[in-house]
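K.L.:
Compact mmCIF, C-alpha atoms and all ligand atoms, saved as work-v3.txt, coming up:
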```
# COMPACT_ATOMS: atom_id res chain seq x y z
CA MET A 273 -23.71 -48.69 32.25
CA MET A 274 -21.29 -45.77 32.81
CA ALA A 275 -22.24 -42.15 33.48
CA THR A 276 -21.02 -39.78 30.75
CA THR A 277 -21.07 -36.17 29.66
CA SER A 278 -23.36 -37.22 26.83
CA GLY A 279 -25.75 -39.58 28.59
CA PRO A 280 -25.45 -43.20 29.57
CA VAL A 281 -22.88 -45.36 27.82
CA HIS A 282 -24.13 -48.76 26.82
CA ALA A 283 -21.52 -51.48 27.08
CA SER A 284 -20.93 -52.79 23.58
CA THR A 285 -21.14 -56.50 22.97
CA ALA A 286 -19.07 -56.27 19.76
CA LYS A 287 -15.27 -56.22 19.96
CA PRO A 288 -13.68 -52.87 19.05
CA MET A 289 -11.70 -52.74 15.80
CA PHE A 290 -8.84 -51.26 17.83
CA THR A 291 -8.28 -49.32 21.03
CA PHE A 292 -5.95 -46.37 21.67
CA GLY A 293 -4.81 -44.40 24.72
CA VAL A 294 -5.29 -40.66 25.24
CA ILE A 295 -3.75 -38.07 27.57
CA ALA A 296 -3.52 -34.27 27.39
CA ASP A 297 -1.61 -31.40 28.97
CA VAL A 298 0.90 -33.23 31.16
CA GLN A 299 2.75 -29.88 31.41
CA TYR A 300 5.42 -31.42 33.62
CA ALA A 301 7.97 -29.21 35.38
CA ASP A 302 10.20 -29.97 38.35
CA ILE A 303 8.86 -26.97 40.26
CA LEU A 304 6.50 -26.29 43.19
CA ASP A 305 2.76 -26.45 42.58
CA GLY A 306 1.19 -23.26 41.24
CA ARG A 307 -1.98 -21.88 39.69
CA SER A 308 -3.33 -20.85 36.29
CA PHE A 309 -3.87 -17.14 35.56
CA LEU A 310 -7.42 -17.61 36.87
CA GLY A 311 -6.25 -19.35 40.05
CA VAL A 312 -6.87 -23.01 39.19
CA PRO A 313 -4.30 -25.20 41.03
CA ARG A 314 -1.61 -26.81 38.82
CA TYR A 315 0.42 -29.78 40.05
CA TYR A 316 3.60 -29.63 37.96
CA ARG A 317 5.43 -32.54 39.60
CA HIS A 318 2.41 -34.80 40.11
CA SER A 319 1.46 -34.67 36.42
CA ILE A 320 4.22 -37.11 35.49
CA SER A 321 2.71 -39.61 37.98
CA VAL A 322 -0.57 -39.27 36.08
CA LEU A 323 1.30 -40.19 32.88
CA GLN A 324 3.02 -43.10 34.64
CA ARG A 325 -0.38 -44.42 35.77
CA ALA A 326 -1.72 -44.01 32.21
CA VAL A 327 1.15 -45.99 30.67
CA SER A 328 0.89 -48.69 33.32
CA ALA A 329 -2.92 -48.99 32.76
CA TRP A 330 -2.51 -49.11 28.96
CA ASN A 331 0.19 -51.80 29.19
CA LYS A 332 -1.84 -53.82 31.68
CA GLN A 333 -4.87 -53.69 29.42
CA GLY A 334 -2.75 -55.31 26.70
CA ASN A 335 -4.81 -54.28 23.66
CA ILE A 336 -3.91 -50.59 23.34
CA LYS A 337 -2.53 -50.25 19.81
CA PHE A 338 -1.09 -46.73 20.14
CA SER A 339 -1.45 -43.65 22.29
CA ILE A 340 -1.98 -40.00 21.47
CA ASN A 341 -0.55 -37.17 23.54
CA PHE A 342 -2.49 -33.97 22.91
CA GLY A 343 0.37 -31.54 23.54
CA ASP A 344 1.85 -29.34 26.27
CA ILE A 345 4.28 -32.06 27.30
CA VAL A 346 6.13 -29.63 29.62
CA ASP A 347 5.12 -26.32 31.23
CA GLY A 348 6.27 -22.83 30.31
CA PHE A 349 7.48 -22.30 33.90
CA CYS A 350 10.06 -25.06 33.47
CA PRO A 351 13.47 -23.35 33.87
CA LYS A 352 14.78 -23.03 30.31
CA ASP A 353 18.09 -24.72 31.12
CA LYS A 354 16.00 -27.77 32.11
CA SER A 355 13.65 -27.80 29.08
CA LEU A 356 15.50 -30.50 27.16
CA TRP A 357 15.86 -32.64 30.27
CA ALA A 358 12.14 -32.24 31.13
CA VAL A 359 10.91 -33.09 27.61
CA GLN A 360 13.23 -36.12 27.51
CA LYS A 361 12.01 -37.24 30.96
CA VAL A 362 8.38 -37.19 29.80
CA VAL A 363 9.25 -38.84 26.45
CA ASP A 364 11.05 -41.58 28.44
CA GLU A 365 7.79 -42.26 30.29
CA PHE A 366 5.85 -42.50 27.02
CA ASP A 367 8.58 -44.87 25.76
CA LYS A 368 7.62 -47.34 28.51
CA PHE A 369 4.29 -47.81 26.70
CA ASP A 370 4.20 -51.03 24.62
CA GLY A 371 3.28 -49.20 21.41
CA PRO A 372 3.92 -45.98 19.52
CA THR A 373 2.83 -42.58 20.87
CA TYR A 374 1.76 -39.82 18.49
CA HIS A 375 2.57 -36.33 19.80
CA MET A 376 1.54 -32.83 18.78
CA PHE A 377 2.69 -29.32 19.67
CA GLY A 378 1.04 -27.31 22.43
CA ASN A 379 1.88 -23.70 23.28
CA HIS A 380 3.87 -24.78 26.35
CA CYS A 381 6.06 -27.11 24.25
CA LEU A 382 6.97 -24.09 22.12
CA TYR A 383 7.72 -21.88 25.16
CA ASN A 384 10.48 -24.38 25.93
CA LEU A 385 12.12 -25.54 22.72
CA PRO A 386 12.20 -24.63 19.01
CA ARG A 387 9.98 -26.57 16.62
CA SER A 388 12.76 -28.41 14.80
CA LYS A 389 14.16 -29.79 18.07
CA LEU A 390 10.68 -30.86 19.24
CA VAL A 391 9.79 -32.62 15.97
CA ALA A 392 12.88 -34.82 16.48
CA LEU A 393 12.50 -35.33 20.26
CA LEU A 394 8.82 -36.24 19.89
CA LYS A 395 9.69 -38.57 16.99
CA MET A 396 6.94 -37.13 14.82
CA PRO A 397 6.49 -39.30 11.71
CA THR A 398 7.32 -36.53 9.23
CA ASP A 399 10.25 -36.25 6.85
CA SER A 400 10.92 -32.57 7.57
CA ASP A 401 10.34 -29.96 10.28
CA ARG A 402 6.62 -30.27 9.55
CA ALA A 403 4.61 -31.02 12.71
CA TYR A 404 1.43 -32.32 11.06
CA TYR A 405 0.92 -35.82 9.77
CA GLU A 406 -1.56 -38.64 9.35
CA PHE A 407 -1.67 -42.36 9.99
CA SER A 408 -4.10 -45.20 9.49
CA PRO A 409 -4.25 -47.98 12.12
CA CYS A 410 -6.65 -50.05 9.95
CA PRO A 411 -8.21 -49.58 6.51
CA GLU A 412 -11.46 -48.22 8.00
CA TYR A 413 -9.90 -45.43 10.08
CA ARG A 414 -7.55 -42.50 9.46
CA PHE A 415 -6.06 -40.14 12.07
CA VAL A 416 -5.01 -36.61 11.17
CA VAL A 417 -2.73 -34.83 13.64
CA LEU A 418 -2.81 -31.07 13.12
CA ASP A 419 -0.18 -28.50 13.99
CA ALA A 420 -2.36 -25.82 15.63
CA TYR A 421 0.65 -23.46 15.95
CA ASP A 422 1.73 -23.62 12.33
CA PHE A 423 0.66 -19.95 12.03
CA SER A 424 1.46 -18.40 15.40
CA THR A 425 3.88 -16.15 17.21
CA LEU A 426 5.26 -19.19 19.06
CA GLY A 427 8.17 -21.45 18.17
CA TRP A 428 9.37 -19.84 14.95
CA PRO A 429 12.63 -17.87 14.95
CA ARG A 430 12.12 -14.15 15.67
CA ASP A 431 13.12 -13.19 12.11
CA HIS A 432 10.92 -15.86 10.48
CA PRO A 433 8.19 -14.52 8.11
CA VAL A 434 5.51 -16.48 10.04
CA THR A 435 6.47 -14.66 13.27
CA ALA A 436 6.03 -11.29 11.53
CA ALA A 437 2.74 -12.25 9.85
CA ALA A 438 1.25 -13.80 13.00
CA THR A 439 2.32 -10.79 15.12
CA LYS A 440 0.59 -8.47 12.63
CA PHE A 441 -2.53 -10.69 12.61
CA LEU A 442 -2.72 -10.62 16.43
CA GLU A 443 -2.10 -6.86 16.51
CA GLU A 444 -5.15 -6.40 14.26
CA LYS A 445 -7.37 -8.78 16.25
CA ASN A 446 -6.37 -8.01 19.86
CA PRO A 447 -5.90 -4.37 21.02
CA ASN A 448 -4.48 -5.33 24.45
CA THR A 449 -0.84 -4.62 25.27
CA ASP A 450 -0.69 -8.10 26.83
CA LYS A 451 -1.56 -10.27 23.84
CA ASN A 452 -2.29 -13.18 26.18
CA SER A 453 -5.21 -11.21 27.59
CA PRO A 454 -8.67 -11.57 26.00
CA GLU A 455 -9.93 -8.50 27.91
CA GLY A 456 -12.51 -6.53 25.92
CA LEU A 457 -12.83 -9.20 23.23
CA VAL A 458 -16.35 -10.57 22.86
CA GLY A 459 -17.63 -14.12 22.26
CA VAL A 460 -15.45 -16.32 20.05
CA ASP A 461 -13.21 -13.32 19.29
CA ARG A 462 -11.72 -14.03 22.73
CA ARG A 463 -9.64 -16.73 20.99
CA PHE A 464 -7.34 -14.10 19.50
CA VAL A 465 -4.67 -14.40 22.18
CA MET A 466 -0.99 -15.25 21.87
CA PHE A 467 -1.28 -18.69 23.51
CA ASN A 468 -3.39 -19.87 20.56
CA GLY A 469 -2.54 -20.26 16.87
CA ALA A 470 -3.83 -21.40 13.49
CA VAL A 471 -3.47 -24.06 10.83
CA GLY A 472 -1.53 -22.44 7.98
CA LYS A 473 -2.53 -22.32 4.31
CA GLU A 474 -0.32 -25.20 3.12
CA GLN A 475 -1.57 -27.38 5.97
CA LEU A 476 -5.20 -26.51 5.11
CA SER A 477 -4.63 -27.62 1.54
CA TRP A 478 -2.91 -30.83 2.74
CA LEU A 479 -5.87 -31.46 5.08
CA SER A 480 -8.32 -31.07 2.22
CA ASP A 481 -6.34 -33.59 0.11
CA VAL A 482 -6.24 -36.11 2.99
CA LEU A 483 -10.00 -35.76 3.60
CA GLN A 484 -10.73 -36.14 -0.13
CA ASP A 485 -8.68 -39.34 -0.23
CA ALA A 486 -10.26 -40.64 3.01
CA SER A 487 -13.75 -39.98 1.59
CA GLU A 488 -12.92 -41.97 -1.52
CA ARG A 489 -11.71 -44.82 0.69
CA ARG A 490 -14.85 -44.56 2.88
CA GLN A 491 -12.67 -44.09 5.98
CA ASN A 492 -13.73 -42.63 9.31
CA VAL A 493 -11.42 -39.72 10.09
CA ILE A 494 -10.42 -38.53 13.56
CA LEU A 495 -8.91 -35.03 13.77
CA CYS A 496 -6.44 -34.42 16.62
CA SER A 497 -5.27 -30.95 17.58
CA HIS A 498 -3.96 -29.28 20.73
CA LEU A 499 -6.50 -26.50 20.21
CA PRO A 500 -10.25 -27.22 20.30
CA MET A 501 -12.31 -26.40 17.21
CA ASP A 502 -15.86 -25.92 18.48
CA PRO A 503 -17.17 -23.33 20.97
CA GLY A 504 -19.49 -25.98 22.43
CA ALA A 505 -16.54 -28.06 23.63
CA ALA A 506 -14.26 -25.37 25.08
CA SER A 507 -14.06 -21.84 26.40
CA PRO A 508 -13.87 -19.28 23.53
CA VAL A 509 -10.45 -18.26 24.92
CA GLY A 510 -9.06 -21.70 24.12
CA LEU A 511 -10.21 -22.05 20.49
CA MET A 512 -7.97 -22.30 17.45
CA TRP A 513 -7.71 -18.93 15.64
CA ASN A 514 -9.04 -20.37 12.36
CA TYR A 515 -11.20 -23.22 13.65
CA ASP A 516 -13.92 -21.94 11.28
CA GLU A 517 -11.66 -22.42 8.21
CA VAL A 518 -10.70 -25.93 9.32
CA MET A 519 -14.34 -26.86 9.94
CA ALA A 520 -15.39 -25.42 6.55
CA ILE A 521 -12.98 -27.92 4.94
CA VAL A 522 -14.23 -30.73 7.19
CA ARG A 523 -17.81 -29.98 6.06
CA ARG A 524 -16.93 -30.43 2.38
CA TYR A 525 -16.62 -34.15 3.14
CA ASN A 526 -18.52 -36.39 5.51
CA CYS A 527 -15.60 -38.53 6.67
CA VAL A 528 -14.60 -36.65 9.86
CA LYS A 529 -16.42 -38.23 12.77
CA ALA A 530 -14.66 -36.68 15.76
CA CYS A 531 -12.24 -33.91 16.69
CA PHE A 532 -10.16 -34.38 19.84
CA ALA A 533 -8.19 -31.64 21.58
CA GLY A 534 -6.48 -30.60 24.81
CA HIS A 535 -5.57 -27.04 25.99
CA ASP A 536 -8.83 -26.16 27.79
CA HIS A 537 -8.06 -28.10 30.94
CA ARG A 538 -11.64 -28.60 32.20
CA GLY A 539 -12.52 -30.69 29.14
CA GLY A 540 -15.77 -30.69 27.19
CA HIS A 541 -17.93 -32.47 24.64
CA THR A 542 -20.43 -31.42 22.01
CA VAL A 543 -21.84 -32.66 18.72
CA ASP A 544 -21.83 -29.91 16.09
CA SER A 545 -24.59 -29.08 13.58
CA HIS A 546 -23.01 -31.49 11.07
CA GLY A 547 -22.92 -34.41 13.51
CA VAL A 548 -19.17 -34.20 14.25
CA HIS A 549 -18.18 -34.94 17.85
CA HIS A 550 -15.80 -32.50 19.56
CA ARG A 551 -14.17 -33.85 22.72
CA THR A 552 -11.72 -31.68 24.65
CA LEU A 553 -9.78 -33.88 27.07
CA GLU A 554 -9.34 -33.08 30.75
CA ALA A 555 -5.76 -32.12 31.67
CA ALA A 556 -3.31 -34.33 33.56
CA LEU A 557 -1.75 -31.18 35.07
CA GLU A 558 -4.78 -30.18 37.09
CA CYS A 559 -5.37 -33.56 38.75
CA PRO A 560 -4.92 -33.21 42.53
CA PRO A 561 -2.33 -35.69 43.87
CA GLY A 562 -3.64 -39.24 43.77
CA THR A 563 -6.10 -38.56 40.96
CA SER A 564 -5.64 -39.01 37.20
CA ALA A 565 -6.96 -37.88 33.82
CA PHE A 566 -6.27 -40.28 30.97
CA GLY A 567 -8.28 -42.81 29.05
CA HIS A 568 -8.57 -45.26 26.23
CA ILE A 569 -10.87 -45.07 23.25
CA GLU A 570 -12.48 -48.08 21.62
CA ALA A 571 -13.08 -47.65 17.90
CA TYR A 572 -16.08 -49.39 16.33
CA PRO A 573 -17.38 -49.08 12.76
CA ASP A 574 -20.13 -46.71 13.94
CA LYS A 575 -18.90 -45.11 17.15
CA LEU A 576 -16.03 -44.29 19.50
CA LEU A 577 -16.21 -45.08 23.19
CA LEU A 578 -13.94 -43.10 25.53
CA VAL A 579 -13.39 -44.89 28.82
CA GLY A 580 -11.78 -42.40 31.18
CA SER A 581 -9.95 -42.65 34.49
CA ASP A 582 -11.39 -40.90 37.58
CA GLY A 583 -10.63 -37.40 36.23
CA MET A 584 -11.72 -37.98 32.63
CA ASP A 585 -15.39 -38.38 31.73
CA ASP A 586 -16.53 -41.43 29.77
CA THR A 587 -18.06 -40.43 26.45
CA GLU A 588 -19.94 -42.43 23.86
CA MET A 589 -19.62 -40.84 20.42
CA CYS A 590 -22.06 -42.42 17.92
CA PHE A 591 -21.52 -41.44 14.29
CA GLN A 592 -24.49 -39.79 12.63
CA SER A 593 -23.88 -41.04 9.11
CA PRO A 594 -22.61 -44.61 9.35
CA ALA A 595 -19.54 -45.38 7.28
CA ARG A 596 -20.44 -47.12 4.05
CA PRO A 597 -18.81 -50.51 3.46
CA LEU A 598 -15.42 -50.54 1.77
CA LEU A 599 -15.70 -50.90 -2.01
N1 LIG B 601 -2.51 -12.50 30.44
C1 LIG B 601 -3.57 -13.29 30.62
C2 LIG B 601 -3.45 -14.67 30.65
C3 LIG B 601 -4.57 -15.42 30.86
N2 LIG B 601 -5.77 -14.80 31.00
C4 LIG B 601 -6.97 -15.62 31.23
O1 LIG B 601 -6.68 -16.67 32.12
C5 LIG B 601 -7.06 -17.92 31.58
C6 LIG B 601 -6.09 -19.00 31.99
O2 LIG B 601 -4.81 -18.66 31.59
P1 LIG B 601 -3.59 -19.65 31.76
O3 LIG B 601 -2.62 -19.29 30.69
O4 LIG B 601 -3.02 -19.48 33.12
O5 LIG B 601 -4.16 -21.01 31.55
C7 LIG B 601 -7.13 -17.71 30.11
O6 LIG B 601 -8.10 -18.60 29.58
C8 LIG B 601 -7.51 -16.25 29.99
O7 LIG B 601 -8.90 -16.08 30.03
C9 LIG B 601 -5.86 -13.46 30.95
O8 LIG B 601 -6.96 -12.91 31.07
N3 LIG B 601 -4.77 -12.69 30.75
O1 LIG B 602 -2.34 -24.52 29.50
P1 LIG B 602 -2.38 -23.05 29.25
O2 LIG B 602 -1.63 -22.29 30.27
O3 LIG B 602 -1.99 -22.76 27.84
O4 LIG B 602 -3.90 -22.58 29.38
C1 LIG B 602 -4.80 -22.76 28.36
C2 LIG B 602 -6.03 -21.94 28.61
O5 LIG B 602 -6.52 -22.16 29.89
C3 LIG B 602 -7.07 -22.27 27.55
O6 LIG B 602 -8.30 -21.68 27.85
```
Could I get this structure in the form of structure tokens?
Ligand SMILES: Nc1ccn([C@@H]2O[C@H](COP(=O)(O)O)[C@@H](O)[C@H]2O)c(=O)n1
Ligand SMILES: O=P(O)(O)OC[C@H](O)CO

P.N.:
Amino acid sequence: MMATTSGPVHASTAKPMFTFGVIADVQYADILDGRSFLGVPRYYRHSISVLQRAVSAWNKQGNIKFSINFGDIVDGFCPKDKSLWAVQKVVDEFDKFDGPTYHMFGNHCLYNLPRSKLVALLKMPTDSDRAYYEFSPCPEYRFVVLDAYDFSTLGWPRDHPVTAAATKFLEEKNPNTDKNSPEGLVGVDRRFVMFNGAVGKEQLSWLSDVLQDASERRQNVILCSHLPMDPGAASPVGLMWNYDEVMAIVRRYNCVKACFAGHDHRGGHTVDSHGVHHRTLEAALECPPGTSAFGHIEAYPDKLLLVGSDGMDDTEMCFQSPARPLL
């Protein structure tokens, strides 16, 4: 039995349907160690070693079908003339994994490079500059990767209408001169800071269509986003601006079983009032040298089992309403 954030994990006798690797917030930069705004140590050079250990463990295990990188591939302090080099260096490490890696945008990715360049470098499976997509590793499961910065002040050209609209939105929600400061904001309103963002209207409608289709197919859906979507699994300062709108769509269907995120580096886990698991993954960046935060997740018909390295908690996520058999 393993110790977990959610109680003891019981080793399953059944074979998982598939297994996938997870890692979040590598935030690599070839710079000296530093600290977060609140003083938490950040190991910018060591984080790539954490990724190397993850890839080596996944390859050694032999049954990891794909991996998911939850964003912030490089750090905002990376010198801008090195951004391309740093992103490519981290992508090269992911390329050593014997399977595909699915990436998503984090705020730090967008401090470094424009969206269009990142979509190509991260080989996102989309046919445009869109940074949200879905894939299905087996008929019973569907993964939805959200672009949590679709509506944000980050990554769009200065003269883009989204930049203007998101700047206005933030101006209305956050009175501070420094829009990265949540000072004076109360409770979940503390999420209205510039390093967060939202899922835009078109993406919300696309999400609803995907969930409708997945419900008809009786699929278990896993939502992946850089930004967490439940206050029980992250600090209010780290939440997606419109997590409530996304979750209102999720609650129209009963196919979403778990939401995974990065961004809030301490990690967290909760089960919401509708039985959906929210698991924020511990960051690779804040692992002291020699330690690691990555894991693999075993997918069963009725649960997910996260098996983490030393710096990532194991978590058993049992589904409340078991998936009905395929028609
Ligand atoms: N201008 C700012 C920036 C950040 N904070 C707070 O610090 C926390 C950590 O910030 P990092 O960007 O370094 O991860 C963040 O969660 C904010 O609460 C701030 O107050 N003002
Ligand atoms: O990785 P950062 O610098 O965006 O920090 C994220 C915040 O700590 C979220 O609460």

K.L.:
Each residue of chain A lying at most 9 Å from ligand LIG 601 (chain B) should get a row with its shortest atom-to-atom pair and the distance in Å to one decimal, counting all atoms listed in the file; could you produce that, ordered by chain and increasing number, as a Markdown table?

P.N.:
```
| residue | atom | partner | partner_atom | distance |
| --- | --- | --- | --- | --- |
| A:Arg307 | CA | B:LIG601 | O4 | 7.1 |
| A:Ser308 | CA | B:LIG601 | O4 | 3.5 |
| A:Phe309 | CA | B:LIG601 | O4 | 3.5 |
| A:Leu310 | CA | B:LIG601 | O1 | 4.9 |
| A:Gly311 | CA | B:LIG601 | O4 | 7.6 |
| A:Val312 | CA | B:LIG601 | O4 | 8.0 |
| A:Asp450 | CA | B:LIG601 | N1 | 6.0 |
| A:Lys451 | CA | B:LIG601 | N1 | 7.0 |
| A:Asn452 | CA | B:LIG601 | N1 | 4.3 |
| A:Ser453 | CA | B:LIG601 | N3 | 3.5 |
| A:Pro454 | CA | B:LIG601 | O8 | 5.5 |
| A:Glu455 | CA | B:LIG601 | O8 | 6.2 |
| A:Arg462 | CA | B:LIG601 | O7 | 8.1 |
| A:Arg463 | CA | B:LIG601 | O6 | 8.9 |
| A:Val465 | CA | B:LIG601 | C8 | 8.5 |
| A:Phe467 | CA | B:LIG601 | O3 | 7.3 |
| A:Ser507 | CA | B:LIG601 | O6 | 7.5 |
| A:Pro508 | CA | B:LIG601 | O6 | 8.4 |
| A:Val509 | CA | B:LIG601 | O6 | 5.2 |
| A:Gly510 | CA | B:LIG601 | O6 | 6.4 |
| A:His535 | CA | B:LIG601 | O5 | 8.3 |
| A:Asp536 | CA | B:LIG601 | O6 | 7.8 |
| A:His537 | CA | B:LIG601 | O5 | 8.1 |
```

K.L.:
Of the candidates A:Gly583, A:Pro411, A:Pro313, A:Gly547, which one gets nearest to Thr563 (chain A) if we count all atoms listed in the file?

P.N.:
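Of A:Gly583, A:Pro411, A:Pro313, A:Gly547, the one nearest Thr563 (chain A) is A:Gly583, counting all atoms listed in the file.
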
K.L.:
Would you compute the distance between CA of Ala533 (chain A) and CA of Glu406 (chain A)? Give it in Å to one decimal.

P.N.:
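So the answer is 15.6 Å.
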
K.L.:
Using only C-alpha atoms and all ligand atoms, which of the listed residues (A:Lys337, A:Lys368, A:His498, A:His432) sits closest to ligand LIG 602 (chain B)?

P.N.:
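Of A:Lys337, A:Lys368, A:His498, A:His432, the one nearest ligand LIG 602 (chain B) is A:His498, counting only C-alpha atoms and all ligand atoms.
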
K.L.:
Taking 5 positions as the minimum chain separation for residues in the same chain, which residues sit within 12 Å of Glu517 (chain A) when counting only C-alpha atoms? Answer as a list in words.

P.N.:
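Here the qualifying residues turn out to be Ala470, Val471, Gly472, Lys473, Gln475, Leu476, Ser477, Leu479, Ser480, Met501, Asp502, Met512, Val522, Arg523 and Arg524 of chain A.
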